[in-house]
>>> print(open('my_file_5.cif').read())   # mmCIF, C-alpha atoms (C1' of nucleotides)
data_start
#
loop_
_atom_site.label_atom_id
_atom_site.label_comp_id
_atom_site.auth_asym_id
_atom_site.auth_seq_id
_atom_site.Cartn_x
_atom_site.Cartn_y
_atom_site.Cartn_z
CA MET A 1 0.00 0.00 0.00
CA ALA A 2 1.20 3.48 -0.83
CA TYR A 3 0.74 6.82 0.90
CA TRP A 4 -0.07 10.16 -0.65
CA LEU A 5 -0.85 13.77 0.09
CA LEU A 6 -3.71 15.62 -1.58
CA LYS A 7 -4.07 19.37 -1.48
CA SER A 8 -7.40 21.13 -1.50
CA GLU A 9 -8.53 24.61 -0.65
CA PRO A 10 -10.90 24.35 2.32
CA ASP A 11 -12.86 27.36 1.05
CA VAL A 12 -13.70 25.22 -1.97
CA PHE A 13 -13.65 21.68 -0.58
CA GLY A 14 -12.18 20.86 2.81
CA TYR A 15 -11.84 17.71 4.84
CA GLN A 16 -15.15 18.39 6.58
CA ASP A 17 -16.82 18.53 3.19
CA LEU A 18 -15.44 15.08 2.42
CA GLU A 19 -16.91 13.80 5.68
CA ARG A 20 -20.23 15.36 4.73
CA VAL A 21 -20.47 13.96 1.20
CA GLY A 22 -18.93 10.59 2.04
CA LYS A 23 -17.16 10.16 -1.27
CA GLU A 24 -15.68 12.57 -3.77
CA PRO A 25 -14.20 12.29 -7.26
CA TRP A 26 -10.82 14.03 -7.13
CA ASN A 27 -11.24 15.88 -10.40
CA GLY A 28 -9.77 19.08 -11.77
CA VAL A 29 -6.10 18.10 -11.52
CA ARG A 30 -4.46 19.67 -14.57
CA ASN A 31 -0.79 19.12 -13.98
CA TYR A 32 0.97 16.17 -15.57
CA GLN A 33 3.13 15.27 -12.59
CA ALA A 34 0.14 15.33 -10.28
CA ARG A 35 -1.89 13.35 -12.79
CA ASN A 36 0.78 10.68 -12.99
CA HIS A 37 0.63 10.32 -9.23
CA LEU A 38 -3.15 9.93 -9.44
CA ARG A 39 -2.68 7.18 -12.01
CA ALA A 40 -0.25 5.37 -9.72
CA MET A 41 -2.78 5.20 -6.88
CA GLN A 42 -4.35 1.89 -5.92
CA GLU A 43 -7.65 1.31 -4.22
CA GLY A 44 -6.99 1.17 -0.51
CA ASP A 45 -4.06 3.60 -0.52
CA LEU A 46 -4.18 6.25 2.19
CA ALA A 47 -3.64 9.98 1.80
CA PHE A 48 -3.27 13.02 3.97
CA PHE A 49 -5.87 15.67 3.22
CA TYR A 50 -3.98 18.97 3.15
CA HIS A 51 -5.62 22.38 3.34
CA SER A 52 -3.88 24.84 1.02
CA ASN A 53 -4.54 28.53 0.58
CA SER A 54 -5.92 28.74 4.08
CA ASN A 55 -4.90 30.25 7.35
CA PRO A 56 -3.03 28.36 8.49
CA PRO A 57 -2.34 25.75 5.83
CA GLY A 58 -1.81 22.19 7.03
CA ILE A 59 -2.98 18.59 7.25
CA ALA A 60 -6.57 18.20 8.40
CA GLY A 61 -7.34 14.52 7.98
CA ILE A 62 -6.78 11.16 6.38
CA CYS A 63 -8.66 9.79 3.39
CA ARG A 64 -8.59 6.55 1.45
CA ILE A 65 -8.49 5.92 -2.28
CA ALA A 66 -11.79 4.20 -2.99
CA ARG A 67 -11.38 3.87 -6.76
CA SER A 68 -8.20 3.94 -8.83
CA ALA A 69 -7.75 6.35 -11.73
CA TYR A 70 -10.42 6.77 -14.39
CA PRO A 71 -11.14 9.60 -16.84
CA ASP A 72 -11.84 12.99 -15.24
CA ASN A 73 -15.39 13.89 -16.26
CA LEU A 74 -14.78 17.64 -16.28
CA GLN A 75 -12.33 17.54 -19.19
CA PHE A 76 -15.29 16.80 -21.50
CA ASP A 77 -17.61 19.46 -20.08
CA PRO A 78 -17.47 22.68 -22.13
CA ASP A 79 -19.05 24.59 -19.25
CA SER A 80 -16.37 23.56 -16.77
CA LYS A 81 -13.27 25.60 -16.14
CA TYR A 82 -11.48 22.26 -16.30
CA PHE A 83 -12.68 21.61 -19.85
CA ASP A 84 -9.85 20.52 -22.13
CA PRO A 85 -10.70 20.82 -25.84
CA LYS A 86 -7.64 18.74 -26.72
CA SER A 87 -8.84 15.77 -24.75
CA THR A 88 -10.91 13.05 -26.41
CA GLU A 89 -13.08 10.23 -25.06
CA ASP A 90 -10.82 7.76 -26.86
CA ASN A 91 -7.69 9.22 -25.36
CA PRO A 92 -8.50 11.13 -22.19
CA ARG A 93 -5.72 13.38 -21.02
CA TRP A 94 -6.77 13.78 -17.40
CA SER A 95 -7.60 11.31 -14.68
CA MET A 96 -9.26 11.32 -11.30
CA VAL A 97 -9.67 8.93 -8.37
CA ASP A 98 -12.45 8.60 -5.80
CA VAL A 99 -11.60 9.35 -2.19
CA VAL A 100 -13.50 8.64 1.03
CA PRO A 101 -12.85 10.06 4.49
CA VAL A 102 -11.06 7.95 7.07
CA ARG A 103 -10.68 10.27 10.04
CA PRO A 104 -9.86 13.85 10.89
CA LEU A 105 -6.49 14.56 12.49
CA PRO A 106 -5.47 17.03 15.15
CA PHE A 107 -4.57 19.86 12.77
CA LEU A 108 -0.90 19.83 11.74
CA SER A 109 0.04 23.23 10.43
CA LEU A 110 2.63 23.73 7.71
CA ASP A 111 4.76 25.40 10.36
CA THR A 112 4.54 22.32 12.55
CA LEU A 113 5.42 20.05 9.62
CA ARG A 114 8.47 22.17 8.87
CA GLY A 115 9.63 21.47 12.37
CA LEU A 116 9.80 17.71 11.86
CA PRO A 117 13.28 16.64 10.71
CA GLU A 118 11.91 13.42 9.18
CA LEU A 119 10.01 15.49 6.62
CA GLU A 120 12.82 17.58 5.22
CA ASP A 121 12.71 15.78 1.86
CA MET A 122 8.98 16.16 1.33
CA PRO A 123 8.14 18.14 -1.83
CA LEU A 124 5.48 19.87 0.23
CA LEU A 125 8.13 21.65 2.26
CA LYS A 126 10.44 22.53 -0.62
CA LYS A 127 10.49 26.10 -1.73
CA GLY A 128 8.57 26.68 -4.93
CA THR A 129 6.83 23.31 -5.05
CA ARG A 130 3.19 23.64 -6.01
CA LEU A 131 2.48 19.99 -6.67
CA SER A 132 -1.06 19.21 -5.51
CA VAL A 133 -0.75 15.41 -5.49
CA MET A 134 2.43 13.87 -4.14
CA PRO A 135 3.69 10.61 -2.71
CA VAL A 136 4.50 10.28 0.97
CA THR A 137 7.05 7.71 2.13
CA ALA A 138 6.19 5.21 4.85
CA ASP A 139 8.69 6.89 7.14
CA GLU A 140 7.16 10.31 6.55
CA TRP A 141 3.69 8.90 7.05
CA GLN A 142 4.63 7.35 10.37
CA ALA A 143 6.48 10.45 11.54
CA ILE A 144 3.43 12.61 10.87
CA LEU A 145 1.03 10.22 12.60
CA LYS A 146 3.35 9.93 15.55
CA HIS A 147 3.50 13.69 15.87
CA ALA A 148 -0.29 13.82 15.65
CA GLY A 149 -0.48 11.33 18.49
CA VAL A 150 -2.36 8.84 16.33
CA GLU A 151 -1.68 5.11 16.25
CA ASP A 152 -2.06 3.14 13.04
CA ALA A 153 -4.60 0.88 14.65
CA ASP A 154 -6.84 3.86 15.34
CA PHE A 155 -7.92 4.01 11.73
CA LEU A 156 -6.68 0.87 10.02
CA SER A 157 -9.35 -1.02 11.91
CA ALA A 158 -11.98 1.57 11.07
CA PRO A 159 -14.88 0.23 9.01
CA ALA A 160 -14.68 0.94 5.30
CA ARG A 161 -17.26 3.38 3.98
"C1'" DG B 162 14.15 23.77 -29.94
"C1'" DC B 163 14.37 28.33 -27.81
"C1'" DC B 164 12.40 31.53 -24.96
"C1'" DA B 165 9.26 35.49 -23.91
"C1'" DA B 166 4.80 36.08 -22.37
"C1'" DC B 167 1.32 34.64 -19.75
"C1'" DG B 168 -1.41 32.09 -16.25
"C1'" DT B 169 -1.57 29.62 -11.90
"C1'" DT B 170 -0.34 28.15 -7.29
"C1'" DG B 171 -0.07 29.05 -2.71
"C1'" DG B 172 2.46 31.02 1.31
"C1'" DC B 173 2.63 35.19 3.48
"C1'" DG C 174 -3.34 41.65 -2.30
"C1'" DC C 175 1.49 40.65 -3.29
"C1'" DC C 176 4.73 38.12 -5.54
"C1'" DA C 177 8.11 34.17 -6.17
"C1'" DA C 178 8.25 30.03 -8.45
"C1'" DC C 179 6.81 27.22 -11.80
"C1'" DG C 180 4.28 25.25 -15.98
"C1'" DT C 181 2.36 26.01 -20.48
"C1'" DT C 182 1.76 28.21 -24.84
"C1'" DG C 183 3.00 29.68 -29.16
"C1'" DG C 184 5.80 32.58 -32.37
"C1'" DC C 185 9.96 32.21 -34.60
#
>>> encode(input="my_file_5.cif", output="structure tokens")
Amino acid sequence: MAYWLLKSEPDVFGYQDLERVGKEPWNGVRNYQARNHLRAMQEGDLAFFYHSNSNPPGIAGICRIARSAYPDNLQFDPDSKYFDPKSTEDNPRWSMVDVVPVRPLPFLSLDTLRGLPELEDMPLLKKGTRLSVMPVTADEWQAILKHAGVEDADFLSAPAR
DNA sequence: GCCAACGTTGGC
DNA sequence: GCCAACGTTGGC
């Protein structure tokens, strides 16, 4: 199983919104590197839900990949700002996955994350990185959970939604 | 293939 | 709202 980090602006769609709706297609990603990460995701992978463009930014919860990559519906919708006229049904350019909530976390601000030496290699903390979907190593995952005071068993045994 | 112009991200 | 950093576009 792999670990990931997904950014979202809480003013648009935050972790609480994911809890409310129960399941969400992670559409609108229009960056090739981020898309490739989406395509590498497997059902059952876990991801941190990160709040960007907020005050303060940081990790708000954990979610699970409920469906691996399939074509992003918005690329075919002329009314969507994510419409891509160069994309075709036969050869879709953009992908999305479905995510479901697992549990909220005690909020871990970006500042707090910067203070954890185990995370110094995370793209999230590198200057100038804007990647909205990125892998998280097992060591980084564990370091973050440990700092949050959360044990694996607290959510790995949680019922699937 | 280069690179200037432009648009976007996202912390502050 | 500012702006640094980065990605994309398109003329040449």
>>> interface_residues(input="my_file_5.cif", of="chain C", to="chain A", cutoff="9 Å", atoms="only C-alpha atoms (C1' of nucleotides)", output="short mmCIF file (atom, residue, chain, number, x, y, z; two decimals) with C-alpha atoms (C1' of nucleotides), in the frame of the given file")
data_model
loop_
_atom_site.label_atom_id
_atom_site.label_comp_id
_atom_site.auth_asym_id
_atom_site.auth_seq_id
_atom_site.Cartn_x
_atom_site.Cartn_y
_atom_site.Cartn_z
"C1'" DA C 177 8.11 34.17 -6.17
"C1'" DA C 178 8.25 30.03 -8.45
"C1'" DC C 179 6.81 27.22 -11.80
"C1'" DG C 180 4.28 25.25 -15.98
#
>>> residues_near_point(input="my_file_5.cif", point="(8.5, 34.6, -27.0)", cutoff="10 Å", atoms="only C-alpha atoms (C1' of nucleotides)", output="MDAnalysis selection string")
(chainID B and resid 163:166) or (chainID C and resid 182:185)
>>> resolve_selection(input="my_file_5.cif", expression="the PyMOL selection byres ((chain A and resi 141) around 10)", output="list in words")
Ala2, Tyr3, Trp4, Leu5, Leu46, Ala47, Phe48, Glu118, Leu119, Pro135, Val136, Thr137, Ala138, Asp139, Glu140, Gln142, Ala143, Ile144, Leu145 and Lys146 of chain A
>>> atom_distance(input="my_file_5.cif", atom1="CA of Asp121 in chain A", atom2="CA of Glu9 in chain A")
23.1 Å
>>> resolve_selection(input="my_file_5.cif", expression="the PyMOL selection byres ((chain A and resi 96) around 8)", output="ChimeraX atom specification")
/A:25-29,35,38-39,68-72,94-95,97-98
>>> atom_distance(input="my_file_5.cif", atom1="CA of Val21 in chain A", atom2="CA of Asp45 in chain A")
19.5 Å
>>> resolve_selection(input="my_file_5.cif", expression="the PyMOL selection byres ((chain A and resi 102-115) around 6)", output="ChimeraX atom specification")
/A:57-63,101,116
>>> write_last_selection(input="my_file_5.cif", atoms="C-alpha atoms", output="mmCIF file, in the coordinates of the input")
data_model
loop_
_atom_site.group_PDB
_atom_site.id
_atom_site.type_symbol
_atom_site.label_atom_id
_atom_site.label_comp_id
_atom_site.auth_asym_id
_atom_site.auth_seq_id
_atom_site.Cartn_x
_atom_site.Cartn_y
_atom_site.Cartn_z
ATOM 1 C CA PRO A 57 -2.340 25.750 5.830
ATOM 2 C CA GLY A 58 -1.810 22.190 7.030
ATOM 3 C CA ILE A 59 -2.980 18.590 7.250
ATOM 4 C CA ALA A 60 -6.570 18.200 8.400
ATOM 5 C CA GLY A 61 -7.340 14.520 7.980
ATOM 6 C CA ILE A 62 -6.780 11.160 6.380
ATOM 7 C CA CYS A 63 -8.660 9.790 3.390
ATOM 8 C CA PRO A 101 -12.850 10.060 4.490
ATOM 9 C CA LEU A 116 9.800 17.710 11.860
#
>>> atom_distance(input="my_file_5.cif", atom1="CA of Gly149 in chain A", atom2="CA of Asp17 in chain A")
23.5 Å
>>> residues_around(input="my_file_5.cif", residues="Asp84 in chain A", least_positions_apart="4", cutoff="10 Å", atoms="all atoms listed in the file", output="PyMOL selection string")
chain A and resi 30+74-78+80+88+92-94
>>> decode(input="my_file_5.cif", residues="range 18-34 of chain A", atoms="N, CA, C and O atoms", output="PDB file, in the first residue's frame")
ATOM      1  N   LEU A  18     -15.566  16.494   2.796  1.00  0.00           N
ATOM      2  CA  LEU A  18     -15.441  15.080   2.419  1.00  0.00           C
ATOM      3  C   LEU A  18     -16.220  14.204   3.395  1.00  0.00           C
ATOM      4  O   LEU A  18     -16.909  13.265   2.995  1.00  0.00           O
ATOM      5  N   GLU A  19     -16.139  14.538   4.681  1.00  0.00           N
ATOM      6  CA  GLU A  19     -16.914  13.797   5.684  1.00  0.00           C
ATOM      7  C   GLU A  19     -18.412  13.911   5.384  1.00  0.00           C
ATOM      8  O   GLU A  19     -19.168  12.956   5.522  1.00  0.00           O
ATOM      9  N   ARG A  20     -18.807  15.101   4.969  1.00  0.00           N
ATOM     10  CA  ARG A  20     -20.227  15.365   4.731  1.00  0.00           C
ATOM     11  C   ARG A  20     -20.750  14.587   3.525  1.00  0.00           C
ATOM     12  O   ARG A  20     -21.812  13.978   3.582  1.00  0.00           O
ATOM     13  N   VAL A  21     -19.971  14.606   2.424  1.00  0.00           N
ATOM     14  CA  VAL A  21     -20.473  13.964   1.203  1.00  0.00           C
ATOM     15  C   VAL A  21     -20.180  12.462   1.176  1.00  0.00           C
ATOM     16  O   VAL A  21     -20.822  11.722   0.435  1.00  0.00           O
ATOM     17  N   GLY A  22     -19.198  12.026   1.961  1.00  0.00           N
ATOM     18  CA  GLY A  22     -18.930  10.590   2.045  1.00  0.00           C
ATOM     19  C   GLY A  22     -17.970  10.048   1.004  1.00  0.00           C
ATOM     20  O   GLY A  22     -17.187   9.159   1.276  1.00  0.00           O
ATOM     21  N   LYS A  23     -18.071  10.581  -0.198  1.00  0.00           N
ATOM     22  CA  LYS A  23     -17.160  10.159  -1.270  1.00  0.00           C
ATOM     23  C   LYS A  23     -17.070  11.274  -2.288  1.00  0.00           C
ATOM     24  O   LYS A  23     -18.068  11.937  -2.566  1.00  0.00           O
ATOM     25  N   GLU A  24     -15.860  11.463  -2.833  1.00  0.00           N
ATOM     26  CA  GLU A  24     -15.676  12.573  -3.771  1.00  0.00           C
ATOM     27  C   GLU A  24     -14.732  12.186  -4.907  1.00  0.00           C
ATOM     28  O   GLU A  24     -13.659  11.646  -4.666  1.00  0.00           O
ATOM     29  N   PRO A  25     -15.138  12.458  -6.152  1.00  0.00           N
ATOM     30  CA  PRO A  25     -14.196  12.285  -7.260  1.00  0.00           C
ATOM     31  C   PRO A  25     -13.156  13.413  -7.232  1.00  0.00           C
ATOM     32  O   PRO A  25     -13.541  14.585  -7.156  1.00  0.00           O
ATOM     33  N   TRP A  26     -11.890  13.025  -7.239  1.00  0.00           N
ATOM     34  CA  TRP A  26     -10.822  14.033  -7.125  1.00  0.00           C
ATOM     35  C   TRP A  26     -10.501  14.573  -8.513  1.00  0.00           C
ATOM     36  O   TRP A  26      -9.478  14.263  -9.098  1.00  0.00           O
ATOM     37  N   ASN A  27     -11.405  15.393  -9.032  1.00  0.00           N
ATOM     38  CA  ASN A  27     -11.236  15.881 -10.403  1.00  0.00           C
ATOM     39  C   ASN A  27     -10.628  17.273 -10.417  1.00  0.00           C
ATOM     40  O   ASN A  27     -10.414  17.892  -9.391  1.00  0.00           O
ATOM     41  N   GLY A  28     -10.314  17.728 -11.618  1.00  0.00           N
ATOM     42  CA  GLY A  28      -9.770  19.075 -11.768  1.00  0.00           C
ATOM     43  C   GLY A  28      -8.256  19.173 -11.699  1.00  0.00           C
ATOM     44  O   GLY A  28      -7.713  20.264 -11.814  1.00  0.00           O
ATOM     45  N   VAL A  29      -7.579  18.061 -11.526  1.00  0.00           N
ATOM     46  CA  VAL A  29      -6.105  18.102 -11.523  1.00  0.00           C
ATOM     47  C   VAL A  29      -5.627  18.274 -12.962  1.00  0.00           C
ATOM     48  O   VAL A  29      -5.935  17.460 -13.822  1.00  0.00           O
ATOM     49  N   ARG A  30      -4.897  19.353 -13.204  1.00  0.00           N
ATOM     50  CA  ARG A  30      -4.457  19.671 -14.568  1.00  0.00           C
ATOM     51  C   ARG A  30      -2.960  19.933 -14.601  1.00  0.00           C
ATOM     52  O   ARG A  30      -2.476  20.917 -15.168  1.00  0.00           O
ATOM     53  N   ASN A  31      -2.245  19.046 -13.992  1.00  0.00           N
ATOM     54  CA  ASN A  31      -0.789  19.117 -13.983  1.00  0.00           C
ATOM     55  C   ASN A  31      -0.305  17.687 -14.212  1.00  0.00           C
ATOM     56  O   ASN A  31      -0.793  16.761 -13.550  1.00  0.00           O
ATOM     57  N   TYR A  32       0.613  17.522 -15.150  1.00  0.00           N
ATOM     58  CA  TYR A  32       0.975  16.166 -15.565  1.00  0.00           C
ATOM     59  C   TYR A  32       1.631  15.353 -14.447  1.00  0.00           C
ATOM     60  O   TYR A  32       1.384  14.166 -14.305  1.00  0.00           O
ATOM     61  N   GLN A  33       2.472  16.005 -13.674  1.00  0.00           N
ATOM     62  CA  GLN A  33       3.132  15.274 -12.592  1.00  0.00           C
ATOM     63  C   GLN A  33       2.111  14.796 -11.563  1.00  0.00           C
ATOM     64  O   GLN A  33       2.134  13.643 -11.119  1.00  0.00           O
ATOM     65  N   ALA A  34       1.196  15.700 -11.226  1.00  0.00           N
ATOM     66  CA  ALA A  34       0.141  15.327 -10.275  1.00  0.00           C
ATOM     67  C   ALA A  34      -0.748  14.234 -10.864  1.00  0.00           C
ATOM     68  O   ALA A  34      -1.122  13.278 -10.186  1.00  0.00           O
TER      69      ALA A  34
END
